[in-house]
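The block underneath contains the structure these notes are about, expressed in structure tokens.
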Amino acid sequence: KAAALAKTFGSAVTALYVIDPYPFTGVGADFAYGQAQYLSAATAEANTALDAAKAAVTQAGVANVNTMVGEGHAIHDGIQRAVESTGADLIVMGSHGRRGLEKLVLGSVTQRVLGVAHVPVLVVRD
């Protein structure tokens, strides 16, 4: 959906992947080693996903595609910071459409983004 909108309006697309830079806490050398391994693996995963997103958007006919790895203890905070730093004027994101207990237990990144965003948010059901 983001690619179709960008192509129609001649807009740029920034694909974003947010990682938590400190997903766990600890002390000592084992923590530092585990942290370094985690960041390396998380960054590699992010770059793989972003490369695929960029290829898909480019293939859809959008020439101006950027990628960005954001950081945030909460994904919605990372998204909001990325919007502010890039000057984005629209957020396009998916929603898994979870219901009932699963939604309560897992929470909803999309719902949180809707609560903090200062720009329009287009939610696309996955």
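Chain labels A, B, ... are given in the sequence in which chains occur in the structure tokens; within each chain residues are numbered consecutively from 1, and ligands are likewise numbered from 1 in the order shown.
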For segment 80-91 of chain A, please output as a PDB file with N, CA and C atoms, in the first residue's frame all residues within 8 Å (counting only C-alpha atoms; exclusion window: fewer than 2 positions along the same chain).
```pdb
ATOM      1  N   LEU A  16      11.255   1.238   7.681  1.00  0.00           N
ATOM      2  CA  LEU A  16      11.821   1.315   9.033  1.00  0.00           C
ATOM      3  C   LEU A  16      11.727  -0.023   9.741  1.00  0.00           C
ATOM      4  N   GLY A  70      15.835   1.856  13.296  1.00  0.00           N
ATOM      5  CA  GLY A  70      15.575   2.716  14.446  1.00  0.00           C
ATOM      6  C   GLY A  70      15.788   1.953  15.732  1.00  0.00           C
ATOM      7  N   HIS A  76       6.829   1.537  19.292  1.00  0.00           N
ATOM      8  CA  HIS A  76       6.110   2.758  18.915  1.00  0.00           C
ATOM      9  C   HIS A  76       6.945   4.012  19.175  1.00  0.00           C
ATOM     10  N   ASP A  77       7.793   3.985  20.198  1.00  0.00           N
ATOM     11  CA  ASP A  77       8.692   5.122  20.439  1.00  0.00           C
ATOM     12  C   ASP A  77       9.728   5.247  19.319  1.00  0.00           C
ATOM     13  N   GLY A  78      10.256   4.117  18.876  1.00  0.00           N
ATOM     14  CA  GLY A  78      11.212   4.132  17.772  1.00  0.00           C
ATOM     15  C   GLY A  78      10.582   4.650  16.490  1.00  0.00           C
ATOM     16  N   MET A  93       1.420   1.164   8.143  1.00  0.00           N
ATOM     17  CA  MET A  93       1.852  -0.016   8.887  1.00  0.00           C
ATOM     18  C   MET A  93       0.782  -1.083   8.884  1.00  0.00           C
ATOM     19  N   VAL A 113       1.048   3.237  18.280  1.00  0.00           N
ATOM     20  CA  VAL A 113       1.466   4.244  17.303  1.00  0.00           C
ATOM     21  C   VAL A 113       0.325   5.224  17.063  1.00  0.00           C
ATOM     22  N   VAL A 116       0.361   7.875  19.738  1.00  0.00           N
ATOM     23  CA  VAL A 116       1.461   8.842  19.869  1.00  0.00           C
ATOM     24  C   VAL A 116       1.771   9.612  18.595  1.00  0.00           C
ATOM     25  N   ALA A 117       1.268   9.151  17.466  1.00  0.00           N
ATOM     26  CA  ALA A 117       1.630   9.760  16.181  1.00  0.00           C
ATOM     27  C   ALA A 117       1.030  11.149  16.026  1.00  0.00           C
ATOM     28  N   VAL A 119       1.211  12.478  12.915  1.00  0.00           N
ATOM     29  CA  VAL A 119       0.915  12.483  11.483  1.00  0.00           C
ATOM     30  C   VAL A 119      -0.129  11.394  11.238  1.00  0.00           C
ATOM     31  N   PRO A 120      -0.812  11.442  10.102  1.00  0.00           N
ATOM     32  CA  PRO A 120      -1.793  10.389   9.811  1.00  0.00           C
ATOM     33  C   PRO A 120      -1.160   9.016   9.774  1.00  0.00           C
ATOM     34  N   VAL A 121      -1.943   8.000  10.167  1.00  0.00           N
ATOM     35  CA  VAL A 121      -1.487   6.614  10.162  1.00  0.00           C
ATOM     36  C   VAL A 121      -2.467   5.805   9.321  1.00  0.00           C
ATOM     37  N   LEU A 122      -1.933   5.124   8.293  1.00  0.00           N
ATOM     38  CA  LEU A 122      -2.725   4.220   7.477  1.00  0.00           C
ATOM     39  C   LEU A 122      -2.433   2.805   7.974  1.00  0.00           C
TER      40      LEU A 122
END
```
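The environment of Asn64 of chain A within 12 Å, counting only C-alpha atoms and disregarding residues fewer than 4 places along the same chain, consists of Ala3, Ala6, Lys7, Phe9, Gly10, Ser11, Ala12, Val13, Thr14, Ala15, Lys54, Ala55, Val57, Thr58, Gln59 and Ala60 of chain A.
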Given the selection you just returned, output its residues as a file containing C-alpha atoms, formatted as a tab-separated table (two decimals), in the first residue's frame.
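The file below, again.tsv, is the result:
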```tsv
chain	number	residue	atom	x	y	z
A	3	ALA	CA	4.45	1.74	-2.55
A	6	ALA	CA	4.19	6.76	-3.16
A	7	LYS	CA	4.04	5.92	-6.85
A	9	PHE	CA	1.89	10.91	-5.51
A	10	GLY	CA	5.58	10.85	-6.45
A	11	SER	CA	6.57	10.46	-2.81
A	12	ALA	CA	9.61	8.98	-1.13
A	13	VAL	CA	9.33	5.88	1.06
A	14	THR	CA	11.38	5.17	4.16
A	15	ALA	CA	11.19	1.55	5.29
A	54	LYS	CA	13.36	-1.81	-0.49
A	55	ALA	CA	13.43	-4.31	-3.34
A	57	VAL	CA	8.98	-0.97	-3.19
A	58	THR	CA	11.51	-0.35	-5.96
A	59	GLN	CA	9.98	-3.14	-8.04
A	60	ALA	CA	6.58	-1.46	-7.57
```
Distance atom CA of Gly72 of chain A-atom CA of Leu39 of chain A, one decimal place? 12.8 Å
For Ala56 of chain A, list every protein, DNA or RNA residue within 12 Å, evaluated using only C-alpha atoms, and leave out those in the same chain fewer than 3 positions away; present the list as a list in words.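 Answer for this query is Lys1, Ala2, Ala3, Ala4, Val13, Ala15, Ala49, Leu50, Asp51, Ala52, Ala53, Gln59, Ala60, Gly61, Val62, Ala63 and Val65 of chain A.
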Rounded to one decimal, what separation in Å do you get between atom CA of Thr43 of chain A and atom CA of His96 of chain A?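 Interatomic distance here is 23.5 Å.
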Taking the backbone alone, and naming residues the way the document does, which bits of chain A are strand (DSSP E) by DSSP, as a ChimeraX atom specification? /A:13-19,65-71,91-95,121-125
What separation in Å, quoted to one decimal, exists between atom CA of Pro21 of chain A and atom CA of Thr48 of chain A?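 These two atoms are separated by 17.6 Å.
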Enumerate, as a PyMOL selection string, the complete set of residues in chain A that a backbone-based DSSP assignment places in helix (DSSP H, G or I). chain A and resi 2-9+29-59+75-86+100-106+109-116
